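Peer 1: Could you have a look at this structure, given as structure tokens, before my questions?
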Amino acid sequence: MSRTATEVLTLPLAEIGRLLRAGETSPPALADAALAGLDTAGRALNAVAALLPERAAAEAARAAAELRAGVDRGPLHGIPYGAKDLFAARGAPTTWGAAPFRDRTFDADAAVVASLAAAGAVLVAKLATVELAGGFGYNQPDAAWTGPCRNARDPERWAGGSSSGSGAAVAAGLVPFALGSETWGSITNPACLNGVVGVRPTYGLVSRRGAMALSWTMDKIGPLARSVAASRTVLAAIAGADPADRTTLLARPFRPDERRAGFRFALLRGAAAGVEPEVAANFQASLDLLATLGDVEEIDLPDLPYDEAAAIVIQAEAAAAFEELIEAGEPRRLTAPEDRYGLLEGLTVPAVDYLRALRVRRVAGRALDAALAPYDAIVAPTQPRVAPPLAEPFDAWAEGSETRSLGGAGNLCGLPAVTVPNGTGSLGLPTGLELMGRAGADGTVLAAAEAFERAHTEQPGSG
């Protein structure tokens, strides 16, 4: 049965590749379909920062010619994708989600964009992000010049931040995958709230050259896609050492793990306290599935101020990164009031507090590594609630939640994590399961996530 290019975009990544190589679709047809969908449904979701039709046409034509000539760059050859609008793309607007930068362009690609071009992928759009990646504290979805990014499952609810457009565009079937970045929850949050897979790699596994710096010692880049297998394929294409980003020279190479069972899982004690009833029910069902894939043992993380240290590191480093913006008086042009004064507040962080936070991170890194050494992954609900209404402040959405999460500890110490859809909660909105592992264990965490994804999909009534 023949499929339209729009329908092909929603298929598994490997199937799209098969159809391309069989001549049943083409890179230009897929690029055109992605651009058309983003220009209509994508803009309706406020998920688009800029469409790139000229670049997409050139890259798609090259991919088509190479495939006809028998030149195969791998599983991403000819596949369209979108990039969060804090990655530079040569000649394209790169706004960082902030009004002061709406007309700014760069003359070179970010490392991840260049890596995907080398793999034959076709960049079709820059996707919306919360202004300055949300590093200065915002309390409402409307914190970007593109407007509040709408959830692909319910447009009256938020898509999550700060990789908002990436999560919404992938979930809406407009692109097979997208690039996001995370300093504290900015990949896992929109992936969970939109019901897709999000991967936060080990710190340093992926080069950040050409990406906006929010926190030099905590920023990480990873994919959002509709399956763990697709996410692994994208991560393999963008991971690797880059002399221009010295943190990548310290990271261990990415090595896939093909295990399907025999895992050892740690359960974060108290992780389901304070979550929505449906989130708790889905999490318990996920634990039951994980028990069929290996052992599950409840543990506590070492008792350290992860969240507090992470907040200080981000605030101090972000203020330093944007010092020129602050001195030029540009914060007044930002959308969220919290961002305007948050920039100024960051300059007041005492050096002694920053140094203490770095010392906490060193202790925490060693303690977490020892605690997680016996396990392949530790698990918890990704978010305690489903996506909030666009009109609801985040503090009201989170009120009453006493959830223990993996986000502060994992991001502070640069540990890899994957969020996988694990059902629906209130109003039929997605919920997620987060799996986190030791530094450098990306392949193992992905294998565990894929084993869960497979078991969850095979359940009766899973759709």
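By order of appearance in the structure tokens: chains A, B, ..., then residues from 1 within every chain, and ligands from 1 in the order shown.
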Considering only C-alpha atoms, return as a list in words whatever protein or nucleic-acid residues lie within 6 Å of Ser186 (chain A), sequence-local ones (same chain, fewer than 4 positions apart) excluded.
Peer 2: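 Residues meeting the cut-off are Gly161, Ser162, Ser163 and Glu182 of chain A.
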Peer 1: Tell me, counting only C-alpha atoms, for each residue of region 67-176 of chain A within 12 Å of region 308-317 of chain A, which pair of atoms is nearest and how far apart they are in Å to one decimal, in rows ordered by chain and increasing number, as a Markdown table.
Peer 2:
| residue | atom | partner | partner_atom | distance |
| --- | --- | --- | --- | --- |
| A:Ala133 | CA | A:Ile314 | CA | 11.3 |
| A:Gly134 | CA | A:Ile314 | CA | 10.6 |
| A:Gly135 | CA | A:Ile314 | CA | 7.0 |
| A:Phe136 | CA | A:Gln315 | CA | 6.9 |
| A:Gly137 | CA | A:Gln315 | CA | 9.3 |
Peer 1: Residues of region 212-447 of chain A in alpha helix (DSSP H) according to DSSP, as a ChimeraX atom specification?
Peer 2: /A:228-238,277-293,306-321,323-327,337-346,351-372,394-397,407-412,442-447
Peer 1: Print the selection's residues with C-alpha atoms to a file, as a compact mmCIF listing (two decimals), in the first residue's frame.
Peer 2:
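Result written to out14.txt:
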# COMPACT_ATOMS: atom_id res chain seq x y z
CA VAL A 228 14.28 4.35 21.99
CA ALA A 229 15.78 2.77 18.86
CA ALA A 230 15.45 6.03 16.92
CA SER A 231 16.95 7.97 19.81
CA ARG A 232 19.92 5.61 19.96
CA THR A 233 20.50 6.03 16.23
CA VAL A 234 20.55 9.81 16.54
CA LEU A 235 22.76 9.75 19.62
CA ALA A 236 25.28 7.53 17.84
CA ALA A 237 25.46 10.09 15.02
CA ILE A 238 26.09 13.12 17.25
CA PRO A 277 -2.98 8.93 41.24
CA GLU A 278 -2.74 7.93 37.55
CA VAL A 279 0.99 8.69 37.53
CA ALA A 280 1.43 6.49 40.59
CA ALA A 281 -0.64 3.70 39.02
CA ASN A 282 1.33 3.83 35.79
CA PHE A 283 4.59 3.83 37.72
CA GLN A 284 3.55 0.75 39.71
CA ALA A 285 2.58 -1.00 36.48
CA SER A 286 5.99 -0.05 35.07
CA LEU A 287 7.71 -1.57 38.09
CA ASP A 288 5.76 -4.78 37.53
CA LEU A 289 7.01 -4.86 33.94
CA LEU A 290 10.59 -4.10 34.96
CA ALA A 291 10.42 -7.06 37.35
CA THR A 292 9.91 -9.32 34.31
CA LEU A 293 13.13 -7.93 32.80
CA TYR A 306 21.70 18.08 44.81
CA ASP A 307 18.96 20.53 43.86
CA GLU A 308 20.42 23.42 45.83
CA ALA A 309 23.91 22.93 44.40
CA ALA A 310 22.57 22.59 40.85
CA ALA A 311 20.56 25.79 41.20
CA ILE A 312 23.59 27.78 42.37
CA VAL A 313 25.83 26.43 39.59
CA ILE A 314 23.28 27.28 36.91
CA GLN A 315 22.52 30.74 38.29
CA ALA A 316 26.17 31.75 38.60
CA GLU A 317 27.34 30.34 35.28
CA ALA A 318 24.32 31.65 33.37
CA ALA A 319 24.81 35.17 34.75
CA ALA A 320 28.44 35.06 33.65
CA ALA A 321 27.46 33.78 30.20
CA GLU A 323 26.88 39.40 31.45
CA GLU A 324 27.13 41.48 28.27
CA LEU A 325 23.39 41.14 27.72
CA ILE A 326 22.76 42.35 31.25
CA GLU A 327 25.12 45.30 30.94
CA PRO A 337 9.35 38.87 34.30
CA GLU A 338 11.26 36.22 36.28
CA ASP A 339 13.87 36.09 33.53
CA ARG A 340 14.34 39.86 33.64
CA TYR A 341 15.26 40.03 37.29
CA GLY A 342 16.73 36.52 37.38
CA LEU A 343 19.55 37.66 35.11
CA LEU A 344 20.39 40.47 37.52
CA GLU A 345 20.06 38.25 40.57
CA GLY A 346 22.56 35.80 39.10
CA ALA A 351 31.87 33.21 44.74
CA VAL A 352 32.05 31.22 47.96
CA ASP A 353 28.56 29.78 47.32
CA TYR A 354 29.51 28.78 43.77
CA LEU A 355 32.70 27.09 44.98
CA ARG A 356 30.78 25.26 47.68
CA ALA A 357 28.33 24.00 45.06
CA LEU A 358 31.22 22.68 42.97
CA ARG A 359 32.59 20.90 46.04
CA VAL A 360 29.15 19.35 46.66
CA ARG A 361 29.16 18.13 43.06
CA ARG A 362 32.52 16.39 43.48
CA VAL A 363 31.28 14.60 46.59
CA ALA A 364 27.93 13.82 44.97
CA GLY A 365 29.52 12.42 41.84
CA ARG A 366 31.58 9.92 43.79
CA ALA A 367 28.70 9.01 46.10
CA LEU A 368 26.22 8.50 43.26
CA ASP A 369 28.66 6.40 41.28
CA ALA A 370 29.14 4.11 44.26
CA ALA A 371 25.40 3.92 44.97
CA LEU A 372 24.50 3.09 41.35
CA PHE A 394 3.81 26.37 37.44
CA ASP A 395 3.84 26.93 41.19
CA ALA A 396 0.08 26.22 41.26
CA TRP A 397 0.60 23.13 39.08
CA GLY A 407 16.60 15.47 37.89
CA GLY A 408 18.71 17.52 40.29
CA ALA A 409 21.15 14.74 41.14
CA GLY A 410 21.45 13.47 37.58
CA ASN A 411 22.00 16.85 35.99
CA LEU A 412 24.37 18.13 38.66
CA ASP A 442 24.43 5.54 28.11
CA GLY A 443 24.26 2.32 26.10
CA THR A 444 23.14 0.31 29.12
CA VAL A 445 20.44 2.82 30.10
CA LEU A 446 19.15 2.88 26.51
CA ALA A 447 19.06 -0.93 26.40
Peer 1: Could you find all residues in region 78-302 of chain A that DSSP calls strand (DSSP E or B) from the backbone, and write them as a PyMOL selection string?
Peer 2: chain A and resi 80-84+87+93+105+122-127+150+157-158+177-182+197-200+206+211+220-225+239+242+245+263-268+294-299
Peer 1: Keeping only C-alpha atoms, write those residues as a PDB file, in the first residue's frame.
Peer 2:
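What follows is the written file again14.pdb:
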ATOM      1  CA  PRO A  80      14.210  15.373   7.940  1.00  0.00           C
ATOM      2  CA  TYR A  81      14.578  16.741  11.459  1.00  0.00           C
ATOM      3  CA  GLY A  82      14.285  19.908  13.535  1.00  0.00           C
ATOM      4  CA  ALA A  83      16.767  21.507  15.911  1.00  0.00           C
ATOM      5  CA  LYS A  84      16.052  23.441  19.084  1.00  0.00           C
ATOM      6  CA  PHE A  87      21.877  25.447  18.014  1.00  0.00           C
ATOM      7  CA  PRO A  93      18.065  32.787  12.570  1.00  0.00           C
ATOM      8  CA  THR A 105      22.527  34.593  12.574  1.00  0.00           C
ATOM      9  CA  VAL A 122      18.018  17.053   6.392  1.00  0.00           C
ATOM     10  CA  LEU A 123      17.508  20.077   8.650  1.00  0.00           C
ATOM     11  CA  VAL A 124      14.075  21.578   7.947  1.00  0.00           C
ATOM     12  CA  ALA A 125      13.440  23.912  10.893  1.00  0.00           C
ATOM     13  CA  LYS A 126      14.617  25.597  14.036  1.00  0.00           C
ATOM     14  CA  LEU A 127      12.158  24.658  16.770  1.00  0.00           C
ATOM     15  CA  ARG A 150       1.261  23.959  22.939  1.00  0.00           C
ATOM     16  CA  ARG A 157      -1.785  22.544  27.733  1.00  0.00           C
ATOM     17  CA  TRP A 158       1.947  23.201  27.802  1.00  0.00           C
ATOM     18  CA  PHE A 177      13.228  13.269  15.518  1.00  0.00           C
ATOM     19  CA  ALA A 178      14.537  16.542  16.880  1.00  0.00           C
ATOM     20  CA  LEU A 179      17.492  17.857  18.852  1.00  0.00           C
ATOM     21  CA  GLY A 180      17.080  19.227  22.359  1.00  0.00           C
ATOM     22  CA  SER A 181      19.310  20.288  25.204  1.00  0.00           C
ATOM     23  CA  GLU A 182      19.135  19.845  28.961  1.00  0.00           C
ATOM     24  CA  VAL A 197      11.263   9.391  24.165  1.00  0.00           C
ATOM     25  CA  GLY A 198      13.899  11.841  25.363  1.00  0.00           C
ATOM     26  CA  VAL A 199      17.573  11.085  25.964  1.00  0.00           C
ATOM     27  CA  ARG A 200      19.887  13.130  28.188  1.00  0.00           C
ATOM     28  CA  VAL A 206      28.035  15.211  22.714  1.00  0.00           C
ATOM     29  CA  ALA A 211      25.180  25.807  21.092  1.00  0.00           C
ATOM     30  CA  LYS A 220      23.992  18.471  27.623  1.00  0.00           C
ATOM     31  CA  ILE A 221      22.588  17.810  24.122  1.00  0.00           C
ATOM     32  CA  GLY A 222      20.403  14.876  23.128  1.00  0.00           C
ATOM     33  CA  PRO A 223      17.592  13.627  20.866  1.00  0.00           C
ATOM     34  CA  LEU A 224      13.818  13.462  21.195  1.00  0.00           C
ATOM     35  CA  ALA A 225      12.163  10.780  19.062  1.00  0.00           C
ATOM     36  CA  ALA A 239      28.264  11.594  19.988  1.00  0.00           C
ATOM     37  CA  ASP A 242      35.485  17.377  19.442  1.00  0.00           C
ATOM     38  CA  ASP A 245      34.735  21.213  23.171  1.00  0.00           C
ATOM     39  CA  PHE A 263      18.902  -6.062  34.151  1.00  0.00           C
ATOM     40  CA  ARG A 264      19.316  -4.843  37.697  1.00  0.00           C
ATOM     41  CA  PHE A 265      17.043  -1.905  38.482  1.00  0.00           C
ATOM     42  CA  ALA A 266      17.119   0.385  41.486  1.00  0.00           C
ATOM     43  CA  LEU A 267      13.850   1.990  42.562  1.00  0.00           C
ATOM     44  CA  LEU A 268      14.187   5.470  44.059  1.00  0.00           C
ATOM     45  CA  GLY A 294      15.352  -8.304  35.856  1.00  0.00           C
ATOM     46  CA  ASP A 295      15.648  -7.536  39.549  1.00  0.00           C
ATOM     47  CA  VAL A 296      14.164  -4.424  41.177  1.00  0.00           C
ATOM     48  CA  GLU A 297      15.544  -3.197  44.497  1.00  0.00           C
ATOM     49  CA  GLU A 298      14.452  -0.087  46.397  1.00  0.00           C
ATOM     50  CA  ILE A 299      17.263   2.266  47.416  1.00  0.00           C
TER      51      ILE A 299
END
Peer 1: Pick from A:Leu13, A:Ala99, A:Ala36, A:Ala89: nearest to Leu76 (chain A), with only C-alpha atoms counted?
Peer 2: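 That would be A:Leu13, the residue with the smallest distance to Leu76 (chain A).
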Peer 1: With only C-alpha atoms as the basis for distance, which of A:Ala244, A:Met436, A:Cys149, A:Ala373 is at the shortest distance from Pro389 (chain A)?
Peer 2: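 Residue with the minimum atom-to-atom distance to Pro389 (chain A): A:Cys149.
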Peer 1: Just checking: using only C-alpha atoms, which residue out of A:Asp142, A:Phe101, A:Val196, A:Ser426 ends up closest to Ser227 (chain A)?
Peer 2: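 The shortest atom-to-atom distance to Ser227 (chain A) comes from A:Val196.
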Peer 1: Which neighbours of Ala172 (chain A) fall inside 12 Å, counting only C-alpha atoms, when residues of the same chain fewer than 2 positions from it are skipped, and could you give them as a ChimeraX atom specification?
Peer 2: /A:6-7,9-10,34,37-38,40-45,47,150-155,159,165-170,174-178,191,194-196,225-226
Peer 1: Expressed in Å to a single decimal, how great is the separation between CA of Ser164 (chain A) and CA of Leu86 (chain A)?
Peer 2: 11.9 Å
